[in-house]
Amino acid sequence: MSKKQRKPSPKNGNLMTAQALQQISNSLAYLVVNSGNLKGKKQQDLVPILSDLGFDKKVIATVLQATPETVSERLSELKAAKKKAKKNSNGHSEEADQPEAIAQASS
C-alpha cells in the first residue's frame with residue numbers, strides 16, 4: 001500500500017516556491033562573492049556589495065559564513081560613516097564645480 005500523498009494547496013505551493021527562491025538567492029550571492037573581481041576580498045568589503053545588490057542580511061550572513069548580527073553591525077558602521085561623510089562635506093564641494101580646479105587636477 002502506498003503512502004497517502006498530500007494534496008497540493010496554495011499554502012504548500014507558496015512555501016515550496018519561497019524555499020526555492022531562497023536557494024536561488026543564496027546561490028546567486030555565492031556566485032557573486034566568488035566571481036573573479038571579488039574573489040579574495042575581505043568579508044567586511046563584501047557585505048556592502050551584497051547589500052547594494054539587494055541581498056538581505058540573512059543571505060549575506062549565510063554566504064559569508066557569518067552571523068546576521070555581524071552583517072548588521074557592518075551595515076550600521078557603513079551607514080554611520082556615510083552619514084558622517086555627508087555631514088562633513090555638506091553635500092556640495094565648491095572646488096569641484098570650478099573649471100580651474102578640474103583642469104589642475106587632470107594635469
# chains A, B, ... in the order shown; residues from 1 in each chain; ligands from 1
$ residues_around --residues "Ser72 of chain A" --least-positions-apart "6" --cutoff "12 Å" --atoms "only C-alpha atoms" --output "PyMOL selection string"
chain A and resi 44+47-48+51+56-61+66+78-79
$ write_last_selection --atoms "C-alpha atoms" --output "PDB file, in the first residue's frame"
ATOM      1  CA  GLN A  44      33.859  43.365   5.532  1.00  0.00           C
ATOM      2  CA  VAL A  47      28.929  42.961   2.965  1.00  0.00           C
ATOM      3  CA  PRO A  48      28.125  46.341   1.365  1.00  0.00           C
ATOM      4  CA  SER A  51      23.662  44.587   0.361  1.00  0.00           C
ATOM      5  CA  ASP A  56      19.133  40.610   2.851  1.00  0.00           C
ATOM      6  CA  LYS A  57      21.236  40.205   5.985  1.00  0.00           C
ATOM      7  CA  LYS A  58      20.359  36.556   6.413  1.00  0.00           C
ATOM      8  CA  VAL A  59      21.512  35.637   2.892  1.00  0.00           C
ATOM      9  CA  ILE A  60      24.680  37.705   3.246  1.00  0.00           C
ATOM     10  CA  ALA A  61      25.451  36.009   6.562  1.00  0.00           C
ATOM     11  CA  ALA A  66      28.998  34.906   9.389  1.00  0.00           C
ATOM     12  CA  LEU A  78      28.855  51.853   6.892  1.00  0.00           C
ATOM     13  CA  LYS A  79      25.631  53.811   7.320  1.00  0.00           C
TER      14      LYS A  79
END
$ closest_residue --among "A:Gln65, A:Leu46, A:Ala81, A:Met16" --to "Val32 of chain A" --atoms "only C-alpha atoms"
A:Leu46
$ closest_residue --among "A:Ser76, A:Ser89, A:Asn37, A:Ser27" --to "Thr62 of chain A" --atoms "only C-alpha atoms"
A:Ser27
$ select_by_dssp --residues "segment 17-77 of chain A" --states "helix (DSSP H, G or I)" --output "number ranges by chain"
A: 17-33, 43-52, 57-64, 68-77
$ write_last_selection --atoms "N, CA and C atoms" --output "short mmCIF file (atom, residue, chain, number, x, y, z; two decimals), in the first residue's frame"
data_model
loop_
_atom_site.label_atom_id
_atom_site.label_comp_id
_atom_site.auth_asym_id
_atom_site.auth_seq_id
_atom_site.Cartn_x
_atom_site.Cartn_y
_atom_site.Cartn_z
N THR A 17 7.76 27.37 -3.17
CA THR A 17 8.28 28.43 -4.04
C THR A 17 9.22 29.34 -3.26
N ALA A 18 8.84 29.69 -2.05
CA ALA A 18 9.69 30.55 -1.23
C ALA A 18 11.02 29.88 -0.92
N GLN A 19 10.98 28.60 -0.63
CA GLN A 19 12.23 27.87 -0.35
C GLN A 19 13.11 27.79 -1.59
N ALA A 20 12.49 27.57 -2.74
CA ALA A 20 13.26 27.51 -3.98
C ALA A 20 13.88 28.86 -4.30
N LEU A 21 13.12 29.92 -4.11
CA LEU A 21 13.65 31.27 -4.36
C LEU A 21 14.78 31.60 -3.39
N GLN A 22 14.66 31.16 -2.15
CA GLN A 22 15.71 31.40 -1.17
C GLN A 22 16.99 30.68 -1.58
N GLN A 23 16.85 29.46 -2.06
CA GLN A 23 18.02 28.70 -2.51
C GLN A 23 18.66 29.36 -3.72
N ILE A 24 17.86 29.83 -4.64
CA ILE A 24 18.39 30.54 -5.82
C ILE A 24 19.11 31.81 -5.40
N SER A 25 18.52 32.53 -4.46
CA SER A 25 19.13 33.76 -3.96
C SER A 25 20.48 33.48 -3.32
N ASN A 26 20.53 32.45 -2.49
CA ASN A 26 21.80 32.08 -1.84
C ASN A 26 22.85 31.69 -2.87
N SER A 27 22.43 30.94 -3.88
CA SER A 27 23.36 30.50 -4.91
C SER A 27 23.89 31.69 -5.71
N LEU A 28 23.02 32.62 -6.03
CA LEU A 28 23.44 33.80 -6.77
C LEU A 28 24.43 34.63 -5.95
N ALA A 29 24.14 34.81 -4.67
CA ALA A 29 25.06 35.56 -3.81
C ALA A 29 26.41 34.87 -3.74
N TYR A 30 26.41 33.55 -3.66
CA TYR A 30 27.66 32.79 -3.64
C TYR A 30 28.46 33.02 -4.91
N LEU A 31 27.77 33.00 -6.04
CA LEU A 31 28.45 33.23 -7.32
C LEU A 31 29.02 34.64 -7.40
N VAL A 32 28.30 35.62 -6.89
CA VAL A 32 28.80 37.00 -6.88
C VAL A 32 30.08 37.09 -6.07
N VAL A 33 30.06 36.52 -4.88
CA VAL A 33 31.22 36.58 -3.99
C VAL A 33 32.42 35.88 -4.59
N GLN A 43 35.78 39.92 4.03
CA GLN A 43 34.36 39.79 4.35
C GLN A 43 33.72 41.16 4.56
N GLN A 44 34.42 42.04 5.25
CA GLN A 44 33.86 43.37 5.53
C GLN A 44 33.66 44.19 4.27
N ASP A 45 34.41 43.89 3.22
CA ASP A 45 34.25 44.59 1.95
C ASP A 45 33.10 44.00 1.11
N LEU A 46 32.81 42.72 1.34
CA LEU A 46 31.76 42.06 0.57
C LEU A 46 30.36 42.37 1.09
N VAL A 47 30.25 42.68 2.38
CA VAL A 47 28.93 42.96 2.96
C VAL A 47 28.21 44.10 2.24
N PRO A 48 28.85 45.27 2.05
CA PRO A 48 28.12 46.34 1.37
C PRO A 48 27.83 46.03 -0.10
N ILE A 49 28.68 45.28 -0.75
CA ILE A 49 28.45 44.93 -2.15
C ILE A 49 27.19 44.07 -2.26
N LEU A 50 27.11 43.04 -1.43
CA LEU A 50 25.94 42.17 -1.47
C LEU A 50 24.67 42.91 -1.04
N SER A 51 24.82 43.79 -0.08
CA SER A 51 23.66 44.59 0.36
C SER A 51 23.18 45.50 -0.75
N ASP A 52 24.10 46.13 -1.46
CA ASP A 52 23.73 47.01 -2.57
C ASP A 52 23.06 46.23 -3.70
N LYS A 57 20.17 40.52 5.02
CA LYS A 57 21.24 40.20 5.98
C LYS A 57 21.40 38.71 6.20
N LYS A 58 20.30 38.00 6.18
CA LYS A 58 20.36 36.56 6.41
C LYS A 58 21.10 35.85 5.28
N VAL A 59 20.83 36.24 4.04
CA VAL A 59 21.51 35.64 2.89
C VAL A 59 23.00 36.00 2.91
N ILE A 60 23.28 37.26 3.18
CA ILE A 60 24.68 37.71 3.25
C ILE A 60 25.44 36.91 4.31
N ALA A 61 24.82 36.75 5.47
CA ALA A 61 25.45 36.01 6.56
C ALA A 61 25.69 34.56 6.16
N THR A 62 24.72 33.96 5.49
CA THR A 62 24.87 32.56 5.07
C THR A 62 26.02 32.40 4.08
N VAL A 63 26.06 33.27 3.09
CA VAL A 63 27.08 33.17 2.04
C VAL A 63 28.48 33.44 2.60
N LEU A 64 28.59 34.41 3.50
CA LEU A 64 29.90 34.77 4.04
C LEU A 64 30.26 33.95 5.28
N PRO A 68 24.13 36.86 11.29
CA PRO A 68 23.37 38.03 10.85
C PRO A 68 23.70 39.27 11.69
N GLU A 69 24.06 39.06 12.94
CA GLU A 69 24.43 40.19 13.80
C GLU A 69 25.70 40.88 13.30
N THR A 70 26.67 40.07 12.86
CA THR A 70 27.91 40.63 12.32
C THR A 70 27.63 41.46 11.07
N VAL A 71 26.76 40.95 10.22
CA VAL A 71 26.39 41.67 9.00
C VAL A 71 25.68 42.97 9.36
N SER A 72 24.77 42.91 10.33
CA SER A 72 24.04 44.11 10.76
C SER A 72 25.00 45.16 11.31
N GLU A 73 25.97 44.72 12.10
CA GLU A 73 26.95 45.65 12.66
C GLU A 73 27.73 46.35 11.55
N ARG A 74 28.17 45.58 10.57
CA ARG A 74 28.95 46.15 9.46
C ARG A 74 28.11 47.15 8.67
N LEU A 75 26.87 46.81 8.39
CA LEU A 75 26.00 47.72 7.65
C LEU A 75 25.72 49.00 8.46
N SER A 76 25.60 48.86 9.77
CA SER A 76 25.40 50.03 10.63
C SER A 76 26.63 50.93 10.62
N GLU A 77 27.81 50.31 10.67
CA GLU A 77 29.06 51.08 10.60
C GLU A 77 29.14 51.87 9.30
#
